[in-house]
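Below is query.txt, holding compact mmCIF, C-alpha atoms.
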```txt
# COMPACT_ATOMS: atom_id res chain seq x y z
CA MET A 67 -5.98 28.63 2.54
CA GLY A 68 -3.71 30.22 5.15
CA ARG A 69 -4.91 28.06 8.04
CA PRO A 70 -3.41 24.68 6.91
CA GLY A 71 -0.04 26.38 6.49
CA ALA A 72 -0.20 27.78 10.01
CA VAL A 73 -1.14 24.39 11.38
CA GLY A 74 1.81 22.86 9.57
CA GLU A 75 4.19 25.43 11.03
CA ALA A 76 2.86 24.76 14.54
CA ALA A 77 3.31 21.01 14.03
CA ARG A 78 6.90 21.49 12.87
CA LEU A 79 7.61 23.71 15.91
CA VAL A 80 6.22 21.11 18.30
CA SER A 81 8.25 18.39 16.57
CA THR A 82 11.44 20.49 16.93
CA VAL A 83 10.81 21.08 20.67
CA VAL A 84 10.09 17.39 21.31
CA SER A 85 13.26 16.38 19.47
CA ALA A 86 15.33 18.87 21.46
CA VAL A 87 13.90 17.62 24.75
CA ARG A 88 14.66 14.00 23.84
CA ASN A 89 18.29 14.84 23.10
CA ASP A 90 18.86 17.04 26.19
CA PRO A 91 18.00 15.55 29.61
CA LEU A 92 18.55 18.90 31.37
CA LEU A 93 16.16 20.63 29.01
CA ALA A 94 13.64 17.84 29.55
CA ALA A 95 13.87 18.30 33.33
CA ALA A 96 13.43 22.05 32.97
CA VAL A 97 10.34 21.55 30.83
CA VAL A 98 8.86 19.14 33.40
CA VAL A 99 9.56 21.57 36.26
CA GLY A 100 8.05 24.41 34.25
CA LEU A 101 4.90 22.42 33.56
CA VAL A 102 4.60 21.49 37.26
CA VAL A 103 5.02 25.12 38.32
CA LEU A 104 2.51 26.33 35.76
CA GLY A 105 0.08 23.61 36.80
CA SER A 106 0.47 24.45 40.49
CA LEU A 107 0.04 28.16 39.84
CA GLY A 108 -3.03 27.47 37.73
CA TRP A 109 -4.49 25.31 40.49
CA VAL A 110 -3.88 28.00 43.12
CA LEU A 111 -5.51 30.64 40.92
CA LEU A 112 -8.43 28.32 40.19
CA ARG A 113 -8.92 27.56 43.89
CA ARG A 114 -8.85 31.27 44.71
CA TYR A 115 -11.38 31.96 41.96
CA LEU A 116 -13.66 29.17 43.17
CA ARG A 117 -13.54 30.08 46.88
CA THR A 118 -16.80 31.27 48.39
CA PRO A 119 -16.99 34.61 50.24
CA GLY A 120 -17.32 32.67 53.49
CA GLU A 121 -14.09 30.78 52.82
CA GLU A 122 -12.25 33.98 51.89
CA PHE A 123 -13.47 35.78 55.01
CA ALA A 124 -12.55 32.87 57.28
CA GLN A 125 -9.08 32.76 55.76
CA VAL A 126 -8.56 36.48 56.43
CA LEU A 127 -9.54 35.96 60.08
CA ALA A 128 -7.32 32.90 60.39
CA SER A 129 -4.32 34.83 59.06
CA GLN A 130 -4.38 37.17 62.08
CA ASP A 131 -3.38 36.57 65.70
CA ALA A 132 -6.08 39.00 66.83
CA VAL A 133 -8.71 41.30 65.31
CA SER A 134 -10.85 44.19 66.52
CA VAL A 135 -14.47 43.96 65.40
CA LEU A 136 -15.98 47.45 65.17
CA MET A 137 -19.75 47.92 65.08
CA HIS A 138 -21.38 51.22 64.08
CA PRO A 139 -21.67 53.78 66.91
CA ASN A 140 -25.12 52.82 68.26
CA PRO A 141 -25.29 49.10 67.46
CA ASP A 142 -28.57 47.33 66.78
CA PRO A 143 -29.29 43.58 66.82
CA ASP A 144 -28.08 43.20 63.23
CA ALA A 145 -24.68 44.71 64.06
CA MET A 146 -24.37 42.92 67.41
CA SER A 147 -25.26 39.51 66.02
CA CYS A 148 -22.78 39.92 63.16
CA ALA A 149 -20.02 40.89 65.59
CA LEU A 150 -20.74 37.75 67.62
CA ALA A 151 -20.69 35.67 64.43
CA VAL A 152 -17.28 37.06 63.46
CA LYS A 153 -15.99 36.24 66.94
CA ARG A 154 -17.20 32.65 66.60
CA LEU A 155 -15.55 32.22 63.20
CA ALA A 156 -12.30 33.79 64.38
CA THR A 157 -12.16 31.82 67.64
CA ASP A 158 -12.46 28.60 65.65
CA ALA A 159 -9.22 29.65 63.93
CA ASP A 160 -7.52 30.55 67.27
CA THR A 161 -7.74 34.27 66.49
CA ASP A 162 -8.45 36.53 69.47
CA VAL A 163 -11.38 38.93 69.06
CA THR A 164 -12.48 42.09 70.86
CA ILE A 165 -15.77 43.77 69.91
CA TYR A 166 -16.11 47.56 70.08
CA TYR A 167 -18.65 50.36 69.67
CA SER A 168 -18.32 54.10 70.23
CA GLY A 169 -21.83 55.35 70.98
CA GLU A 170 -24.63 53.88 73.06
CA ILE A 171 -26.62 50.67 73.11
CA ARG A 172 -30.13 52.02 73.40
CA HIS A 173 -33.66 50.95 72.49
CA HIS A 174 -35.45 48.32 74.54
CA GLU A 175 -34.77 45.49 72.09
CA ASN A 176 -31.07 46.34 71.82
CA ARG A 177 -30.64 46.27 75.57
CA ALA A 178 -32.69 43.09 75.78
CA PHE A 179 -30.39 41.52 73.16
CA GLU A 180 -27.41 42.19 75.45
CA THR A 181 -29.14 40.95 78.58
CA VAL A 182 -30.88 37.86 77.24
CA LEU A 183 -27.83 36.60 75.36
CA ASP A 184 -25.54 37.67 78.23
CA VAL A 185 -23.00 39.46 76.03
CA LYS A 186 -20.80 42.45 76.77
CA PHE A 187 -19.24 44.78 74.23
CA ASN A 188 -16.40 47.25 74.77
CA HIS A 189 -17.14 50.96 74.64
CA VAL A 190 -14.43 53.20 73.12
CA GLU A 191 -14.03 56.97 72.82
CA HIS A 192 -11.11 57.23 70.37
CA ALA A 193 -9.98 55.23 67.36
CA HIS A 194 -6.57 54.43 68.86
CA GLU A 195 -8.34 52.15 71.38
CA VAL A 196 -9.47 49.95 68.50
CA THR A 197 -6.38 49.75 66.33
CA ASP A 198 -4.20 47.56 68.57
CA ALA A 199 -5.27 44.78 66.20
CA PRO A 200 -6.43 44.77 62.55
CA VAL A 201 -10.00 46.06 62.31
CA VAL A 202 -13.03 44.28 60.87
CA LEU A 203 -16.15 46.37 60.19
CA VAL A 204 -19.61 44.81 60.37
CA ASP A 205 -22.94 46.39 59.39
CA HIS A 206 -21.24 49.59 58.17
CA ASN A 207 -18.49 50.15 55.66
CA GLU A 208 -16.81 53.38 56.80
CA PRO A 209 -15.61 53.93 60.39
CA ARG A 210 -17.37 56.80 62.13
CA GLY A 211 -18.60 58.17 65.41
CA MET A 212 -15.33 58.86 67.26
CA PRO A 213 -12.22 61.02 66.93
CA GLY A 214 -9.69 59.48 64.57
CA ALA A 215 -12.25 57.20 62.89
CA GLU A 216 -11.20 58.45 59.46
CA LYS A 217 -7.70 57.05 60.05
CA ILE A 218 -8.89 53.49 60.54
CA THR A 219 -8.11 51.22 57.58
CA PRO A 220 -10.04 47.97 58.06
CA ILE A 221 -8.71 44.70 56.73
CA ALA A 222 -12.24 43.41 56.15
CA VAL A 223 -15.71 44.91 55.66
CA VAL A 224 -19.01 43.04 55.70
CA ASP A 225 -22.09 45.22 55.23
CA HIS A 226 -25.45 45.72 53.51
CA HIS A 227 -25.60 49.52 53.51
CA PRO A 228 -24.77 51.70 50.49
CA GLY A 229 -21.30 53.25 50.67
CA ASP A 230 -17.80 53.28 49.26
CA GLY A 231 -15.93 51.77 52.20
CA SER A 232 -13.76 48.71 51.65
CA GLY A 233 -11.31 46.43 53.41
CA SER A 234 -7.67 46.08 52.45
CA GLU A 235 -7.99 42.26 52.25
CA PHE A 236 -11.70 41.50 52.04
CA THR A 237 -14.84 43.43 51.09
CA ASP A 238 -18.39 42.12 50.91
CA VAL A 239 -20.87 45.00 50.68
CA ARG A 240 -24.29 44.03 49.29
CA SER A 241 -26.75 46.91 49.37
CA ASP A 242 -29.46 44.72 47.86
CA VAL A 243 -29.53 42.49 50.95
CA GLY A 244 -31.89 43.28 53.81
CA ALA A 245 -29.64 42.44 56.77
CA CYS A 246 -25.95 41.95 57.38
CA ALA A 247 -26.87 38.93 59.52
CA SER A 248 -28.08 37.19 56.36
CA ILE A 249 -24.58 37.48 54.89
CA MET A 250 -23.03 36.04 58.05
CA ALA A 251 -25.49 33.15 58.01
CA GLU A 252 -24.47 32.47 54.41
CA TYR A 253 -20.81 32.34 55.47
CA PHE A 254 -21.58 29.72 58.11
CA GLU A 255 -23.50 27.64 55.59
CA GLN A 256 -20.75 27.92 52.97
CA LEU A 257 -18.20 26.74 55.54
CA GLY A 258 -20.27 23.70 56.47
CA TRP A 259 -21.28 24.83 59.95
CA GLN A 260 -24.59 23.80 61.43
CA PRO A 261 -26.97 25.57 63.81
CA GLY A 262 -27.43 23.95 67.20
CA ASP A 263 -25.20 22.03 69.56
CA GLY A 264 -23.69 19.77 66.89
CA GLU A 265 -24.34 16.55 68.81
CA GLU A 266 -25.76 14.69 65.81
CA GLU A 267 -22.91 15.48 63.40
CA LYS A 268 -19.82 16.23 65.43
CA GLU A 269 -17.61 16.50 62.35
CA LYS A 270 -19.34 19.82 61.54
CA PRO A 271 -18.62 22.92 63.64
CA ALA A 272 -21.66 24.14 65.55
CA ILE A 273 -23.21 27.61 65.71
CA SER A 274 -24.43 28.08 69.27
CA ALA A 275 -28.12 28.67 69.96
CA ASP A 276 -27.31 32.19 71.22
CA ILE A 277 -25.54 33.21 68.01
CA THR A 278 -28.20 31.54 65.87
CA THR A 279 -30.93 33.33 67.81
CA GLY A 280 -29.06 36.62 67.55
CA LEU A 281 -28.65 36.30 63.78
CA ILE A 282 -32.32 35.43 63.29
CA TYR A 283 -33.36 38.46 65.32
CA GLY A 284 -30.86 40.63 63.43
CA ILE A 285 -32.62 39.62 60.22
CA MET A 286 -36.08 40.14 61.71
CA SER A 287 -35.32 43.58 63.13
CA ASP A 288 -33.77 44.96 59.94
CA THR A 289 -36.57 43.65 57.72
CA THR A 290 -39.54 44.22 60.05
CA ASN A 291 -40.10 40.51 60.51
CA LEU A 292 -39.25 39.63 56.91
CA THR A 293 -41.82 42.02 55.46
CA LYS A 294 -39.70 44.97 54.23
CA GLY A 295 -36.50 45.28 52.21
CA CYS A 296 -35.96 41.53 51.94
CA SER A 297 -33.95 39.68 49.34
CA ASP A 298 -33.92 35.94 48.65
CA LEU A 299 -30.96 35.68 51.01
CA GLU A 300 -33.04 36.66 54.06
CA PHE A 301 -35.37 33.70 53.55
CA GLN A 302 -32.53 31.32 52.77
CA ALA A 303 -30.66 32.45 55.90
CA ALA A 304 -33.77 32.15 58.07
CA ALA A 305 -34.41 28.61 56.81
CA PHE A 306 -30.79 27.66 57.51
CA LEU A 307 -30.73 29.17 61.01
CA TYR A 308 -34.18 28.27 62.28
CA PRO A 309 -33.44 24.69 63.50
CA GLY A 310 -30.96 26.11 66.03
CA VAL A 311 -33.04 29.00 67.41
CA ASP A 312 -33.84 29.28 71.12
CA GLU A 313 -37.49 30.32 70.83
CA ASP A 314 -37.77 31.47 74.44
CA LYS A 315 -34.80 33.82 74.13
CA LEU A 316 -36.01 35.06 70.75
CA ASP A 317 -39.37 35.98 72.28
CA ARG A 318 -37.72 37.77 75.23
CA ILE A 319 -35.55 39.87 72.88
CA ALA A 320 -38.37 40.66 70.48
CA ASN A 321 -40.94 41.55 73.13
CA PRO A 322 -39.25 43.43 75.98
CA ALA A 323 -41.25 45.50 78.46
CA ILE A 324 -42.08 49.01 77.20
CA ASP A 325 -41.64 51.98 79.52
CA GLU A 326 -44.18 54.74 80.02
CA GLU A 327 -42.14 57.37 78.15
CA THR A 328 -42.07 55.31 74.95
CA LEU A 329 -45.85 55.05 75.00
CA GLU A 330 -46.07 58.81 75.65
CA VAL A 331 -43.80 59.58 72.67
CA LYS A 332 -45.93 57.39 70.42
CA ALA A 333 -49.05 59.19 71.63
CA ARG A 334 -47.48 62.62 70.96
CA ALA A 335 -46.48 61.48 67.47
CA PHE A 336 -50.14 60.77 66.70
CA THR A 337 -51.34 64.02 68.28
CA GLU A 338 -48.81 66.27 66.52
CA ARG A 339 -48.96 64.66 63.10
CA GLN A 340 -49.48 66.73 59.96
CA VAL A 341 -50.94 64.89 56.97
CA ARG A 342 -50.59 65.90 53.33
CA ASN A 343 -51.79 63.44 50.73
CA ALA A 344 -50.45 60.07 51.92
CA PHE A 345 -47.50 61.55 53.84
CA VAL A 346 -47.07 62.38 57.54
CA VAL A 347 -44.63 64.69 59.33
CA SER A 348 -44.83 64.69 63.12
CA ASP A 349 -42.72 67.04 65.27
CA ILE A 350 -42.92 65.76 68.85
CA GLY A 351 -40.59 68.33 70.42
CA GLU A 352 -38.17 67.48 73.23
CA VAL A 353 -37.61 63.90 74.33
CA SER A 354 -35.22 62.23 76.75
CA ASN A 355 -35.32 58.87 74.95
CA VAL A 356 -34.60 59.18 71.23
CA ASP A 357 -34.96 55.41 70.84
CA ALA A 358 -38.71 55.90 71.05
CA VAL A 359 -38.69 58.07 67.90
CA PRO A 360 -38.24 55.28 65.29
CA GLN A 361 -40.86 53.24 67.14
CA ALA A 362 -43.26 56.17 66.81
CA ALA A 363 -42.50 56.35 63.08
CA ASP A 364 -43.25 52.63 62.73
CA GLU A 365 -46.61 53.11 64.44
CA LEU A 366 -47.58 56.08 62.26
CA LEU A 367 -46.83 54.12 59.09
CA ARG A 368 -49.52 51.66 60.13
CA LEU A 369 -52.22 54.31 59.69
CA GLU A 370 -54.62 53.54 56.87
CA GLY A 371 -53.85 55.52 53.72
CA ILE A 372 -50.35 56.58 54.86
CA SER A 373 -47.36 55.54 52.75
CA ALA A 374 -44.45 57.60 54.17
CA VAL A 375 -43.69 59.11 57.58
CA VAL A 376 -41.02 61.35 59.13
CA VAL A 377 -40.91 61.98 62.89
CA LEU A 378 -38.79 64.79 64.36
CA ALA A 379 -37.64 65.00 67.98
CA GLU A 380 -35.23 67.25 69.86
CA LYS A 381 -32.62 66.26 72.43
CA ASP A 382 -29.58 68.16 73.72
CA GLY A 383 -29.60 70.71 70.92
CA THR A 384 -29.98 68.15 68.14
CA ILE A 385 -32.97 67.43 65.92
CA HIS A 386 -33.32 63.71 65.25
CA LEU A 387 -35.17 62.60 62.10
CA LYS A 388 -36.58 59.11 61.61
CA GLY A 389 -38.34 58.18 58.39
CA ARG A 390 -40.30 55.18 57.21
CA SER A 391 -41.74 54.44 53.76
CA ARG A 392 -43.77 51.79 52.00
CA ASP A 393 -44.09 53.92 48.86
CA ASP A 394 -41.95 52.68 45.96
CA ARG A 395 -41.59 56.25 44.72
CA ILE A 396 -39.83 57.32 47.91
CA HIS A 397 -36.32 56.25 48.85
CA MET A 398 -36.42 57.41 52.47
CA GLY A 399 -32.64 57.61 52.92
CA ASN A 400 -32.26 59.79 49.83
CA THR A 401 -35.31 61.85 50.81
CA LEU A 402 -33.92 62.81 54.20
CA ASN A 403 -30.49 63.50 52.73
CA ALA A 404 -32.03 65.88 50.16
CA VAL A 405 -33.69 67.82 52.98
CA VAL A 406 -30.62 68.29 55.18
CA GLU A 407 -27.66 68.27 52.77
CA ASP A 408 -27.41 72.08 52.52
CA ILE A 409 -27.74 72.63 56.29
CA PRO A 410 -24.30 72.88 57.97
CA MET A 411 -23.48 69.98 60.29
CA GLY A 412 -26.54 68.08 59.06
CA GLY A 413 -26.43 64.51 57.89
CA ALA A 414 -28.91 61.84 56.83
CA GLY A 415 -29.19 58.62 54.85
CA GLY A 416 -30.49 55.09 54.92
CA HIS A 417 -32.40 52.55 52.86
CA PRO A 418 -35.45 52.87 50.59
CA ARG A 419 -37.77 51.82 53.43
CA MET A 420 -36.14 53.54 56.39
CA GLY A 421 -33.79 56.41 57.04
CA GLY A 422 -32.49 58.71 59.73
CA GLY A 423 -30.68 61.98 60.17
CA GLN A 424 -29.53 64.63 62.61
CA LEU A 425 -29.44 68.42 62.57
CA SER A 426 -27.80 70.86 64.96
CA LEU A 427 -30.38 73.34 66.24
CA GLU A 428 -27.76 76.10 66.24
CA HIS A 429 -26.92 75.52 62.59
CA MET A 430 -30.59 75.22 61.69
CA GLU A 431 -31.05 78.69 63.15
CA GLY A 432 -28.28 80.19 61.02
CA LEU A 433 -24.99 79.51 62.80
CA GLY A 434 -22.26 79.06 60.19
CA PRO A 435 -22.47 79.68 56.43
CA GLY A 436 -26.20 78.94 56.12
CA GLU A 437 -29.04 81.45 56.50
CA GLY A 438 -31.01 79.14 58.74
CA VAL A 439 -34.18 77.09 58.40
CA ARG A 440 -37.24 77.63 60.57
CA ARG A 441 -38.96 74.60 62.04
CA GLU A 442 -42.04 75.17 59.85
CA GLN A 443 -39.82 75.43 56.77
CA LEU A 444 -38.21 72.12 57.68
CA HIS A 445 -41.64 70.52 57.85
CA ASP A 446 -42.48 71.91 54.39
CA ARG A 447 -39.17 70.66 52.97
CA LEU A 448 -39.87 67.18 54.28
CA PHE A 449 -43.25 67.10 52.56
CA GLU A 450 -41.73 68.48 49.36
CA ALA A 451 -38.97 65.87 49.39
CA MET A 452 -41.45 63.03 49.91
CA ASN A 453 -43.46 64.46 47.02
CA GLY A 454 -40.35 64.44 44.79
CA GLU A 455 -40.12 68.23 44.53
CA ILE A 456 -36.56 68.48 45.93
```

What does the file become when written as structure tokens?
Amino acid sequence: MGRPGAVGEAARLVSTVVSAVRNDPLLAAAVVVGLVVLGSLGWVLLRRYLRTPGEEFAQVLASQDAVSVLMHPNPDPDAMSCALAVKRLATDADTDVTIYYSGEIRHHENRAFETVLDVKFNHVEHAHEVTDAPVVLVDHNEPRGMPGAEKITPIAVVDHHPGDGSGSEFTDVRSDVGACASIMAEYFEQLGWQPGDGEEEKEKPAISADITTGLIYGIMSDTTNLTKGCSDLEFQAAAFLYPGVDEDKLDRIANPAIDEETLEVKARAFTERQVRNAFVVSDIGEVSNVDAVPQAADELLRLEGISAVVVLAEKDGTIHLKGRSRDDRIHMGNTLNAVVEDIPMGGAGGHPRMGGGQLSLEHMEGLGPGEGVRREQLHDRLFEAMNGEI
């Protein structure tokens, strides 16, 4: 019974407003202007709501005269290809780009990526070398690996690793995605770009064969050739990128020559392996090339009946841990973190299928607040963590 009365009141109110507007031209003009402003504001908000992540990211890049793209300290093909993709997007908007890293470009495939695609990245030792321009992070979401890194506030972050880092203007962190390169490929597709030289459809911007090849290999390397840790996006990105791939360059990056030391490290990993249930821990002692350690872990995981592997190696007073898993009960990043979290100056993390960490030998032996952990105890803790006991 109350509703018809309310409707009547609303009708009378509308009638009063309409009558007032008819009798007052200034009021009528004000109402029209107000409606236009409200409509424009609503359209702007709607457009912002409907924008794709690729459009938002491109707009952030276009709003700057220059940006610094920062990769994680020891960049891999996923990080390097994403940095090159950001540079291509930014250059299209007349934004200058410089790409930085603070550690080393190691591993045969990483060096081959640089050589085959003929790219050069800038090495830095302190954060102030990066912050001449607003910073964009790719393939990691918190700056690290150099003095002053904690003071860097990025304007944009694009990543697929777990973490709490964010950009002041743009953040796209998807830990359920297998490779950051997949996200970049999605941006290109959302913006209407096409892989290849663009000769057939010149109205669409082109992604060069080098960048397309780099992104494809970034996806392949982070998902072990689309077999581990993939989401739907990896396959969608691969299908989008594939027509523009340079197959010869892709083969040269994926299959570089292997040096004798890498083969020796792999052999030592097999010789020194300890097996408990379906788990392997292999301590291969001192190495000069730590890039061979994850390759050794990959090889050990191929053993029949083995579902999780951790390989340890020592270099310059640091123990390097590399883990691999195909066991759904084991999140390798969390497993390694559980093992080292109470050891001073130790750190570890990663994804369900792969993880890594580092320990200072001095702190392992008791330097600092800890009582120390013997090498054999560390082996036991690794087995216990893989077994879910810690």

Could you give me, as a compact mmCIF listing (two decimals) with C-alpha atoms, keeping the file's coordinate frame, the residues within 8 Å of A:Val182, counting only C-alpha atoms and dropping anything in the same chain fewer than 3 positions from it?
```txt
# COMPACT_ATOMS: atom_id res chain seq x y z
CA ALA A 178 -32.69 43.09 75.78
CA PHE A 179 -30.39 41.52 73.16
CA LYS A 315 -34.80 33.82 74.13
CA ARG A 318 -37.72 37.77 75.23
CA ILE A 319 -35.55 39.87 72.88
```

How close does each residue of stretch 177-229 of chain A get to stretch 286-305 of chain A, giving the shortest atom pair and distance in Å to one decimal for every residue with an atom at most 12 Å away, counting only C-alpha atoms, sorted by chain and residue number, as JSON lines?
```
{"residue": "A:Phe179", "atom": "CA", "partner": "A:Ser287", "partner_atom": "CA", "distance": 11.4}
{"residue": "A:Asp205", "atom": "CA", "partner": "A:Asp288", "partner_atom": "CA", "distance": 10.9}
{"residue": "A:His226", "atom": "CA", "partner": "A:Asp288", "partner_atom": "CA", "distance": 10.5}
{"residue": "A:His227", "atom": "CA", "partner": "A:Asp288", "partner_atom": "CA", "distance": 11.4}
```

Next on the checklist: Calculated over all atoms listed in the file, which of the candidates A:Glu216, A:Glu180, A:Asp276, A:Glu442 has the smallest distance to A:Ser348?
Outcome noted: A:Glu442

Give the padded box for stretch 356-361 of chain A as lines of an AutoDock Vina configuration file: axis-aligned, covering all atoms listed in the file, 4 Å on each side, centre and edge lengths in Å to one decimal.
```
center_x = -37.7
center_y = 56.2
center_z = 68.3
size_x = 14.3
size_y = 13.9
size_z = 13.9
```

Next on the checklist: For a test of reading the model, state the distance in Å between atom CA of A:Gln125 and atom CA of A:Asp198, rounded to one decimal.
Outcome noted: 20.2 Å

Next on the checklist: Could you check the closest approach to A:Glu121 for each of A:Val135, A:Leu183, A:Ala199, A:Leu257 and tell me which residue wins, using only C-alpha atoms?
Outcome noted: A:Leu257

Item to check | Point (-16.4, 53.9, 71.2), cut-off 8 Å, counting all atoms listed in the file, residues as a VMD selection string | outcome: chain A and resid 139 166 to 169 188 to 193 211 to 212

Just to be explicit: take each residue in the selection above, keep C-alpha atoms, and write the result as a short mmCIF file (atom, residue, chain, number, x, y, z; two decimals), keeping the file's coordinate frame.
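Saved result, out16.cif, follows:
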```cif
data_model
loop_
_atom_site.label_atom_id
_atom_site.label_comp_id
_atom_site.auth_asym_id
_atom_site.auth_seq_id
_atom_site.Cartn_x
_atom_site.Cartn_y
_atom_site.Cartn_z
CA PRO A 139 -21.67 53.78 66.91
CA TYR A 166 -16.11 47.56 70.08
CA TYR A 167 -18.65 50.36 69.67
CA SER A 168 -18.32 54.10 70.23
CA GLY A 169 -21.83 55.35 70.98
CA ASN A 188 -16.40 47.25 74.77
CA HIS A 189 -17.14 50.96 74.64
CA VAL A 190 -14.43 53.20 73.12
CA GLU A 191 -14.03 56.97 72.82
CA HIS A 192 -11.11 57.23 70.37
CA ALA A 193 -9.98 55.23 67.36
CA GLY A 211 -18.60 58.17 65.41
CA MET A 212 -15.33 58.86 67.26
#
```

Item to check | Distance query stretch 368-384 of chain A at most 7 Å, all atoms listed in the file, self and fewer than 6 positions along chain excluded, as a ChimeraX atom specification | outcome: /A:344-354,359,390-393,424-427

Item to check | Coordinates-based distance that separates atom CA of A:Gly399 from atom CA of A:Val356 (Å, one decimal) | outcome: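 Distance reported for this atom pair: 18.5 Å.
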
Checklist entry - Could you state the separation of atom CA of A:Glu431 and atom CA of A:Gln443 in Å, given to one decimal place? => result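 If I compute the distance from atom CA of A:Glu431 to atom CA of A:Gln443, I get 11.3 Å.
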
Checklist entry - Excluding same-chain residues fewer than 2 positions from A:Gly262, what lies within 10 Å of it counting only C-alpha atoms, as a VMD selection string? => result chain A and resid 259 to 260 264 to 266 271 to 278 307 to 312

Checklist entry - Between A:Glu235, A:Glu208, A:Glu338, A:Asp314, which one has atoms that come closest to A:Ala124, using only C-alpha atoms? => result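 Once distances to A:Ala124 are computed over only C-alpha atoms, the minimum belongs to A:Glu235.
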
Item to check | Contacts of A:Phe236 at 8 Å (all atoms listed in the file; same-chain gap of 2+ positions) as a list in words | outcome: Glu122, Phe123, Val126, Ile221, Ala222, Val223, Ser232, Gly233, Ser234 and Asp238 of chain A

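Nearest to A:Asp230 of all the residues A:Ser134, A:Asn207, A:Ser248, A:Asn453 is A:Asn207, counting all atoms listed in the file.
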
Item to check | Top pick for closest residue to A:Gln130, considering A:Gly416, A:Pro360, A:Gly280, A:Pro200 and counting only C-alpha atoms | outcome: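 Using only C-alpha atoms, the shortest distance to A:Gln130 belongs to A:Pro200.
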
Next on the checklist: I'd like to know which of A:Tyr253, A:Asn89, A:Leu116, A:Ile456 is closest to A:Val152, using all atoms listed in the file.
Outcome noted: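 Answer, going by the shortest atom-to-atom distance: A:Tyr253.
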